[in-house]
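The next block is data.cif, given as mmCIF, C-alpha atoms.
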```
data_model
#
loop_
_atom_site.label_atom_id
_atom_site.label_comp_id
_atom_site.auth_asym_id
_atom_site.auth_seq_id
_atom_site.Cartn_x
_atom_site.Cartn_y
_atom_site.Cartn_z
CA SER A 1177 0.00 0.00 0.00
CA GLN A 1178 1.24 3.47 -0.81
CA GLN A 1179 2.05 5.57 2.23
CA GLY A 1180 3.67 8.63 0.73
CA GLU A 1181 2.14 10.51 -2.17
CA GLU A 1182 4.20 13.15 -3.94
CA ASP A 1183 2.79 16.24 -5.52
CA PRO A 1184 3.08 17.33 -8.26
CA GLN A 1185 3.65 14.24 -10.40
CA ALA A 1186 5.77 16.29 -12.79
CA LEU A 1187 7.45 19.67 -12.56
CA SER A 1188 9.31 21.61 -15.23
CA ILE A 1189 11.32 24.71 -14.36
CA GLN A 1190 14.17 26.85 -15.68
CA GLU A 1191 17.70 26.60 -14.39
CA GLY A 1192 18.19 28.90 -11.41
CA GLU A 1193 14.61 28.66 -10.21
CA ASN A 1194 13.57 26.89 -7.04
CA ALA A 1195 11.73 23.58 -7.13
CA THR A 1196 9.29 22.50 -4.44
CA MET A 1197 7.88 19.03 -4.11
CA ASN A 1198 5.39 17.87 -1.53
CA CYS A 1199 4.72 14.54 0.11
CA SER A 1200 1.70 13.49 2.13
CA TYR A 1201 1.43 10.32 4.16
CA LYS A 1202 -1.22 8.55 6.17
CA THR A 1203 0.09 7.00 9.38
CA SER A 1204 2.45 7.99 12.19
CA ILE A 1205 6.07 7.85 11.15
CA ASN A 1206 9.48 7.32 12.69
CA ASN A 1207 11.19 9.26 9.92
CA LEU A 1208 10.68 10.49 6.37
CA GLN A 1209 13.35 10.26 3.70
CA TRP A 1210 13.82 11.80 0.28
CA TYR A 1211 15.58 9.98 -2.54
CA ARG A 1212 16.60 10.96 -6.05
CA GLN A 1213 16.59 8.66 -9.06
CA ASN A 1214 18.18 9.50 -12.36
CA SER A 1215 16.44 7.76 -15.25
CA GLY A 1216 16.70 3.98 -14.91
CA ARG A 1217 19.36 4.20 -12.21
CA GLY A 1218 19.43 3.30 -8.52
CA LEU A 1219 17.98 5.56 -5.88
CA VAL A 1220 20.28 7.88 -4.01
CA HIS A 1221 19.47 9.02 -0.50
CA LEU A 1222 19.23 12.79 -0.14
CA ILE A 1223 18.05 13.59 3.34
CA LEU A 1224 16.35 12.00 6.33
CA ILE A 1225 14.17 13.93 8.74
CA ARG A 1226 13.00 12.39 11.98
CA SER A 1227 9.53 12.76 13.39
CA ASN A 1228 10.71 15.14 16.12
CA GLU A 1229 12.40 17.47 13.62
CA ARG A 1230 10.64 20.22 11.70
CA GLU A 1231 13.25 21.35 9.21
CA LYS A 1232 16.54 20.12 7.86
CA HIS A 1233 19.06 21.49 5.38
CA SER A 1234 21.68 19.86 3.22
CA GLY A 1235 23.44 22.07 0.70
CA ARG A 1236 20.76 23.38 -1.68
CA LEU A 1237 18.13 21.09 -0.20
CA ARG A 1238 15.66 22.08 2.46
CA VAL A 1239 13.16 19.62 3.89
CA THR A 1240 10.28 20.44 6.19
CA LEU A 1241 8.07 18.07 8.10
CA ASP A 1242 4.65 18.82 9.55
CA THR A 1243 3.50 15.77 11.50
CA SER A 1244 0.17 17.39 12.37
CA LYS A 1245 -0.66 17.63 8.66
CA LYS A 1246 1.22 14.43 7.81
CA SER A 1247 3.13 16.20 5.10
CA SER A 1248 6.66 17.08 4.05
CA SER A 1249 8.18 19.29 1.41
CA LEU A 1250 11.49 19.20 -0.43
CA LEU A 1251 12.86 22.49 -1.72
CA ILE A 1252 15.75 22.57 -4.16
CA THR A 1253 17.14 26.08 -4.46
CA ALA A 1254 18.95 27.52 -7.47
CA SER A 1255 18.22 24.43 -9.54
CA ARG A 1256 20.63 23.09 -12.13
CA ALA A 1257 20.12 20.94 -15.21
CA ALA A 1258 21.86 18.13 -13.29
CA ASP A 1259 18.97 18.16 -10.79
CA THR A 1260 16.74 16.67 -13.48
CA ALA A 1261 15.55 13.39 -11.94
CA SER A 1262 12.65 11.76 -10.16
CA TYR A 1263 12.30 12.47 -6.47
CA PHE A 1264 10.67 10.09 -4.03
CA CYS A 1265 9.62 10.42 -0.46
CA ALA A 1266 9.71 7.33 1.71
CA THR A 1267 8.27 6.89 5.15
CA LYS A 1268 9.41 4.65 7.95
CA THR A 1269 6.48 3.91 10.21
CA GLN A 1270 6.73 3.65 13.95
CA GLY A 1271 7.24 0.18 15.33
CA GLY A 1272 9.77 -2.59 14.91
CA SER A 1273 9.73 -2.99 11.15
CA GLU A 1274 12.45 -1.33 9.08
CA LYS A 1275 10.10 -1.21 6.13
CA LEU A 1276 10.26 1.89 3.96
CA VAL A 1277 7.16 2.76 1.95
CA PHE A 1278 7.75 4.87 -1.15
CA GLY A 1279 5.52 7.29 -2.97
CA LYS A 1280 5.23 7.31 -6.75
CA GLY A 1281 7.60 10.21 -7.19
CA THR A 1282 7.81 13.66 -8.73
CA LYS A 1283 9.57 13.92 -12.06
CA LEU A 1284 11.57 17.14 -12.11
CA THR A 1285 12.91 18.62 -15.34
CA VAL A 1286 15.28 21.56 -15.12
CA ASN A 1287 15.66 23.28 -18.47
CA PRO A 1288 19.01 24.95 -19.23
CA GLU B 328 34.09 1.74 -1.89
CA ALA B 329 30.93 1.16 0.12
CA GLN B 330 28.29 -0.17 -2.22
CA VAL B 331 25.46 -2.53 -3.03
CA THR B 332 26.02 -4.63 -6.12
CA GLN B 333 23.49 -6.55 -8.16
CA ASN B 334 23.93 -9.10 -10.90
CA PRO B 335 22.96 -9.35 -13.62
CA ARG B 336 22.11 -5.77 -14.56
CA TYR B 337 19.98 -6.88 -17.51
CA LEU B 338 18.26 -10.19 -18.07
CA ILE B 339 15.87 -11.46 -20.70
CA THR B 340 14.39 -14.85 -19.99
CA VAL B 341 11.43 -17.05 -20.84
CA THR B 342 8.42 -17.99 -18.80
CA GLY B 343 9.09 -20.75 -16.28
CA LYS B 344 12.88 -20.74 -16.37
CA LYS B 345 14.18 -20.35 -12.83
CA LEU B 346 16.50 -17.43 -12.22
CA THR B 347 18.40 -15.79 -9.40
CA VAL B 348 19.37 -12.15 -9.05
CA THR B 349 22.24 -11.70 -6.65
CA CYS B 350 22.68 -8.82 -4.25
CA SER B 351 25.73 -8.13 -2.14
CA GLN B 352 26.71 -5.29 0.21
CA ASN B 353 30.09 -4.54 1.75
CA MET B 354 28.92 -2.23 4.54
CA ASN B 355 28.16 -4.88 7.17
CA HIS B 356 24.50 -3.83 7.15
CA GLU B 357 21.98 -5.95 9.00
CA TYR B 358 18.92 -4.93 7.00
CA MET B 359 18.47 -5.79 3.32
CA SER B 360 15.48 -5.49 1.05
CA TRP B 361 14.24 -6.10 -2.47
CA TYR B 362 11.96 -3.74 -4.39
CA ARG B 363 10.42 -3.75 -7.81
CA GLN B 364 9.70 -0.57 -9.72
CA ASP B 365 6.95 -0.37 -12.31
CA PRO B 366 5.68 2.66 -14.25
CA GLY B 367 2.86 4.38 -12.40
CA LEU B 368 3.25 2.16 -9.34
CA GLY B 369 6.47 3.45 -7.84
CA LEU B 370 8.64 1.17 -5.72
CA ARG B 371 7.05 -1.75 -3.97
CA GLN B 372 8.79 -3.94 -1.45
CA ILE B 373 9.03 -7.65 -2.24
CA TYR B 374 10.92 -9.12 0.73
CA TYR B 375 13.18 -7.85 3.44
CA SER B 376 15.61 -9.28 5.96
CA MET B 377 16.41 -7.90 9.38
CA ASN B 378 19.47 -10.11 9.80
CA VAL B 379 20.97 -13.48 8.85
CA GLU B 380 18.32 -16.20 8.61
CA VAL B 381 15.54 -13.66 9.26
CA THR B 382 13.36 -12.78 6.26
CA ASP B 383 9.84 -11.46 5.90
CA LYS B 384 7.34 -10.63 3.20
CA GLY B 385 6.88 -7.13 1.86
CA ASP B 386 3.91 -5.89 -0.12
CA VAL B 387 4.29 -8.02 -3.25
CA PRO B 388 6.02 -11.32 -2.32
CA GLU B 389 4.04 -13.68 -4.58
CA GLY B 390 6.24 -15.49 -7.08
CA TYR B 391 9.49 -14.65 -5.29
CA LYS B 392 11.78 -16.30 -2.77
CA VAL B 393 14.75 -14.99 -0.86
CA SER B 394 17.40 -16.34 1.46
CA ARG B 395 19.84 -14.75 3.89
CA LYS B 396 22.52 -17.27 4.71
CA GLU B 397 25.25 -14.65 4.99
CA LYS B 398 25.07 -11.09 6.17
CA ARG B 399 26.38 -9.59 2.96
CA ASN B 400 24.24 -11.51 0.43
CA PHE B 401 20.50 -11.44 -0.20
CA PRO B 402 19.61 -13.22 -3.47
CA LEU B 403 16.18 -12.92 -5.08
CA ILE B 404 14.89 -16.13 -6.62
CA LEU B 405 12.15 -16.44 -9.22
CA GLU B 406 11.28 -20.14 -9.31
CA SER B 407 8.95 -19.89 -12.31
CA PRO B 408 9.07 -16.38 -13.79
CA SER B 409 6.01 -15.01 -15.55
CA PRO B 410 5.61 -11.98 -17.84
CA ASN B 411 4.02 -9.95 -15.02
CA GLN B 412 7.36 -10.10 -13.23
CA THR B 413 8.94 -8.02 -15.97
CA SER B 414 10.20 -5.05 -13.99
CA LEU B 415 13.15 -3.08 -12.69
CA TYR B 416 14.43 -4.63 -9.46
CA PHE B 417 16.44 -2.92 -6.74
CA CYS B 418 18.25 -4.32 -3.76
CA ALA B 419 18.91 -2.06 -0.77
CA SER B 420 20.64 -2.28 2.58
CA SER B 421 20.68 -0.30 5.79
CA PRO B 422 22.30 -0.42 9.22
CA ARG B 423 20.14 -1.77 11.99
CA ARG B 424 18.25 0.83 13.95
CA TYR B 425 19.93 2.13 17.09
CA ARG B 426 17.95 3.38 20.06
CA GLY B 427 14.82 3.36 17.96
CA LEU B 428 16.33 5.46 15.20
CA SER B 429 16.39 4.14 11.67
CA TYR B 430 18.78 5.10 8.92
CA GLU B 431 18.80 5.68 5.20
CA GLN B 432 18.88 2.85 2.71
CA TYR B 433 21.62 2.31 0.15
CA PHE B 434 20.43 1.07 -3.22
CA GLY B 435 22.04 -1.09 -5.84
CA PRO B 436 22.11 -0.04 -9.51
CA GLY B 437 19.08 -2.12 -10.46
CA THR B 438 18.38 -5.22 -12.55
CA ARG B 439 16.11 -4.86 -15.54
CA LEU B 440 14.29 -8.15 -16.03
CA THR B 441 12.19 -9.05 -19.06
CA VAL B 442 10.19 -12.28 -19.03
CA THR B 443 8.77 -13.31 -22.40
#
```
Taking this structure as input, can you express it in the form of C-alpha cells?
Amino acid sequence: SQQGEEDPQALSIQEGENATMNCSYKTSINNLQWYRQNSGRGLVHLILIRSNEREKHSGRLRVTLDTSKKSSSLLITASRAADTASYFCATKTQGGSEKLVFGKGTKLTVNP
Amino acid sequence: EAQVTQNPRYLITVTGKKLTVTCSQNMNHEYMSWYRQDPGLGLRQIYYSMNVEVTDKGDVPEGYKVSRKEKRNFPLILESPSPNQTSLYFCASSPRRYRGLSYEQYFGPGTRLTVT
C-alpha cells in the first residue's frame, strides 16, 4: 500500500529557479526520507528527517516536516540541469519494522 | 568503496525458467530489502531481511523467494518467472536501527528483467 504521495507528479522549471515538491502520508512515522533517481538508475538518498524534527538542510536542499498535517516538502534552491531526476519520499512507520514505503515520485525537469 | 552490487544488470528470460538475481553489500548492514519498480506504481517492497536467517514478506512477495545465509548476500529467486514479473528490481541495505532510530537505505544499480 502506498504511504507517501508526492505532488506534483511532474514539474518543469528553468535553471536557477527553485523547485518545491510535496509529500503526504497517512500513518504515524518514525522518519521520512527523500531519494533521487536518475532515469533507470538506482535511488540515491538525499536527506532523512526524523519525526521530532521540523526542518533540515543539506546544501541546496531544504526539507520540512509537519507531522500534524502528515506532510513534508522538499525544496531545491537555485536548480541546475543536473537536478533533473525523479524524487521520491519514503516513510518509515513507527514500530519494529524497518520497512520503507515509497511514494510514486515527482519527475523534475530543469531546463538549461 | 561502500556499495550494493546486483547481478545481472539486464536479463531477458522465458516464462518458467528459474533465475536468481544476486545482491551483495560490503557495509556490514543488517537490514536488506528487495523492491520492484513499475511505471505508475512506484517502488514496492518484495521481501526484506532484518538479519541473517531472518526474512519477511513485503507488499508483493508472490512469485518470489529470498534467502539470507550470509550477512552480505541477499539473493532474489524467481522459481517460475512469468511476464508480469517483468520489472526493474532494486536491492537495498541499511544499518540496523539504534535506540529506535532508523537510517537511510543504500540502493544497488538495479536489474532490468524481461520475461517473455
Could you write out as a short mmCIF file (atom, residue, chain, number, x, y, z; two decimals) with C-alpha atoms, in the frame of the given file the residues that the PyMOL selection byres ((chain A and resi 1253) around 6) matches in the shown file?
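Final output, expr-v7.cif:
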```cif
data_model
loop_
_atom_site.label_atom_id
_atom_site.label_comp_id
_atom_site.auth_asym_id
_atom_site.auth_seq_id
_atom_site.Cartn_x
_atom_site.Cartn_y
_atom_site.Cartn_z
CA ASN A 1194 13.57 26.89 -7.04
CA ARG A 1236 20.76 23.38 -1.68
CA ILE A 1252 15.75 22.57 -4.16
CA ALA A 1254 18.95 27.52 -7.47
CA SER A 1255 18.22 24.43 -9.54
#
```
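The gap separating CA of Phe434 (chain B) from CA of Val1220 (chain A) is 6.9 Å, in Å to one decimal.
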Can you tell me which residues surround Glu357 (chain B) at a distance of at most 12 Å, considering all atoms listed in the file, apart from same-chain residues fewer than 3 positions away, and format the answer as JSON, numbers by chain? {"A": [1274], "B": [351, 352, 353, 354, 360, 375, 376, 377, 378, 379, 380, 381, 382, 395, 397, 398, 399, 400, 401, 419, 420, 421, 422, 423, 424, 425, 429, 430, 432]}
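This file, queried with the PyMOL selection byres ((chain A and resi 1219) around 10), gives the residues Trp1210, Tyr1211, Arg1212, Gln1213, Asn1214, Ser1215, Gly1216, Arg1217, Gly1218, Val1220, His1221, Leu1222, Ser1262, Tyr1263 and Phe1264 of chain A; Phe417, Ala419, Gln432, Tyr433, Phe434, Gly435, Pro436 and Gly437 of chain B.
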Write out as an NGL selection string each polymer residue whose atoms come within 8 Å of Gly369 (chain B), counting all atoms listed in the file; drop sequence neighbours fewer than 4 positions from it. (:A and (1278-1281)) or (:B and (364-365))
Got a sec to resolve the PyMOL selection byres ((chain A and resi 1185) around 10) on this structure and send the residues as an MDAnalysis selection string? chainID A and resid 1181:1184 1186:1187 1197:1198 1262:1263 1280:1284
Nearest to Arg1238 (chain A) among A:Cys1199, A:Leu1251, A:Arg1226, A:Thr1260, with distances taken over all atoms listed in the file: which residue is it? A:Leu1251
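With all atoms listed in the file as the basis for measurement, A:Asn1207 is the residue among A:Asn1207, A:Ala1195, A:Ser1249, A:Glu1229 that approaches chain B most closely.
Among the candidates B:Ile404, B:Val331, B:Ile339, B:Leu368, the residue lying nearest to chain A is B:Leu368 (atoms considered: all atoms listed in the file).
Interatomic distance, CA of Val442 (chain B) against CA of Ser394 (chain B): 22.1 Å.
Remark: for chain A, the closest of the candidate residues B:Pro388, B:Tyr358, B:Glu328, B:Lys344 is B:Tyr358 (distances computed over all atoms listed in the file).
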Between A:Asn1228, A:Thr1196, A:Ser1244, A:Thr1285, which has the minimum distance to Leu1208 (chain A) (counting only C-alpha atoms)? A:Asn1228
Selection near Gly343 (chain B), 9 Å with all atoms listed in the file, sequence-local residues under 2 positions removed, as a PyMOL selection string: chain B and resi 340-341+345+405-409+442
Export of prior selection with C-alpha atoms as a compact mmCIF listing (two decimals), in the frame of the given file:
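Saved result, again34.txt, follows:
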```
# COMPACT_ATOMS: atom_id res chain seq x y z
CA THR B 340 14.39 -14.85 -19.99
CA VAL B 341 11.43 -17.05 -20.84
CA LYS B 345 14.18 -20.35 -12.83
CA LEU B 405 12.15 -16.44 -9.22
CA GLU B 406 11.28 -20.14 -9.31
CA SER B 407 8.95 -19.89 -12.31
CA PRO B 408 9.07 -16.38 -13.79
CA SER B 409 6.01 -15.01 -15.55
CA VAL B 442 10.19 -12.28 -19.03
```
Starting from the incomplete input, reconstruct all heavy atoms of region 360-371 of chain B and write that as a CSV table (one decimal), in the frame of the given file.
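Saved the output as rebuild29.csv:
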```
chain,number,residue,atom,x,y,z
B,360,SER,N,16.8,-5.5,1.6
B,360,SER,CA,15.5,-5.5,1.0
B,360,SER,C,15.5,-5.6,-0.5
B,360,SER,O,16.5,-5.1,-1.1
B,360,SER,CB,14.8,-4.2,1.5
B,360,SER,OG,13.4,-4.2,1.0
B,361,TRP,N,14.4,-6.1,-1.0
B,361,TRP,CA,14.2,-6.1,-2.5
B,361,TRP,C,13.0,-5.3,-2.8
B,361,TRP,O,11.9,-5.5,-2.1
B,361,TRP,CB,14.1,-7.5,-3.0
B,361,TRP,CG,15.4,-8.2,-3.3
B,361,TRP,CD1,16.0,-9.2,-2.5
B,361,TRP,CD2,16.2,-8.0,-4.4
B,361,TRP,NE1,17.2,-9.6,-3.1
B,361,TRP,CE2,17.3,-8.9,-4.2
B,361,TRP,CE3,16.2,-7.2,-5.5
B,361,TRP,CZ2,18.4,-8.9,-5.2
B,361,TRP,CZ3,17.2,-7.3,-6.5
B,361,TRP,CH2,18.3,-8.1,-6.3
B,362,TYR,N,13.1,-4.5,-3.9
B,362,TYR,CA,12.0,-3.7,-4.4
B,362,TYR,C,11.8,-4.0,-5.9
B,362,TYR,O,12.8,-4.3,-6.6
B,362,TYR,CB,12.2,-2.2,-4.2
B,362,TYR,CG,12.4,-1.8,-2.8
B,362,TYR,CD1,13.6,-1.7,-2.2
B,362,TYR,CD2,11.3,-1.3,-2.1
B,362,TYR,CE1,13.8,-1.3,-0.9
B,362,TYR,CE2,11.4,-0.8,-0.8
B,362,TYR,CZ,12.7,-0.8,-0.2
B,362,TYR,OH,12.8,-0.4,1.1
B,363,ARG,N,10.6,-3.8,-6.4
B,363,ARG,CA,10.4,-3.8,-7.8
B,363,ARG,C,9.8,-2.4,-8.1
B,363,ARG,O,9.0,-1.8,-7.3
B,363,ARG,CB,9.5,-4.9,-8.3
B,363,ARG,CG,8.2,-5.0,-7.8
B,363,ARG,CD,7.4,-6.1,-8.4
B,363,ARG,NE,7.0,-5.8,-9.8
B,363,ARG,CZ,6.4,-6.7,-10.7
B,363,ARG,NH1,6.1,-7.9,-10.2
B,363,ARG,NH2,6.2,-6.4,-11.9
B,364,GLN,N,10.2,-1.9,-9.3
B,364,GLN,CA,9.7,-0.6,-9.7
B,364,GLN,C,9.0,-0.7,-11.1
B,364,GLN,O,9.6,-1.2,-12.0
B,364,GLN,CB,10.8,0.4,-9.8
B,364,GLN,CG,10.4,1.8,-10.1
B,364,GLN,CD,11.5,2.8,-10.2
B,364,GLN,OE1,12.6,2.5,-10.5
B,364,GLN,NE2,11.2,4.1,-9.8
B,365,ASP,N,7.8,-0.3,-11.1
B,365,ASP,CA,7.0,-0.4,-12.3
B,365,ASP,C,6.4,1.0,-12.6
B,365,ASP,O,6.0,1.7,-11.7
B,365,ASP,CB,5.8,-1.4,-12.1
B,365,ASP,CG,6.4,-2.8,-11.8
B,365,ASP,OD1,7.0,-3.4,-12.7
B,365,ASP,OD2,6.2,-3.2,-10.6
B,366,PRO,N,6.2,1.3,-13.9
B,366,PRO,CA,5.7,2.7,-14.2
B,366,PRO,C,4.3,2.9,-13.6
B,366,PRO,O,3.4,2.0,-13.7
B,366,PRO,CB,5.6,2.6,-15.8
B,366,PRO,CG,6.6,1.6,-16.2
B,366,PRO,CD,6.6,0.6,-15.1
B,367,GLY,N,4.1,4.0,-13.0
B,367,GLY,CA,2.9,4.4,-12.4
B,367,GLY,C,2.6,3.8,-11.0
B,367,GLY,O,1.6,4.1,-10.4
B,368,LEU,N,3.5,2.8,-10.6
B,368,LEU,CA,3.2,2.2,-9.3
B,368,LEU,C,4.3,2.5,-8.3
B,368,LEU,O,4.2,2.1,-7.2
B,368,LEU,CB,3.2,0.6,-9.5
B,368,LEU,CG,2.0,0.1,-10.4
B,368,LEU,CD1,2.1,-1.4,-10.6
B,368,LEU,CD2,0.7,0.5,-9.7
B,369,GLY,N,5.4,3.1,-8.8
B,369,GLY,CA,6.5,3.4,-7.8
B,369,GLY,C,7.2,2.2,-7.4
B,369,GLY,O,7.3,1.2,-8.1
B,370,LEU,N,7.9,2.3,-6.3
B,370,LEU,CA,8.6,1.2,-5.7
B,370,LEU,C,7.8,0.4,-4.7
B,370,LEU,O,7.2,1.0,-3.8
B,370,LEU,CB,9.9,1.7,-5.0
B,370,LEU,CG,11.1,2.0,-5.8
B,370,LEU,CD1,11.1,3.4,-6.3
B,370,LEU,CD2,12.4,1.7,-5.1
B,371,ARG,N,7.8,-0.9,-4.9
B,371,ARG,CA,7.0,-1.8,-4.0
B,371,ARG,C,8.0,-2.8,-3.4
B,371,ARG,O,8.8,-3.4,-4.1
B,371,ARG,CB,5.9,-2.4,-4.7
B,371,ARG,CG,4.8,-1.4,-5.2
B,371,ARG,CD,3.7,-2.1,-5.9
B,371,ARG,NE,4.2,-2.7,-7.2
B,371,ARG,CZ,3.5,-3.5,-7.9
B,371,ARG,NH1,2.3,-4.0,-7.5
B,371,ARG,NH2,4.0,-4.0,-9.1
```
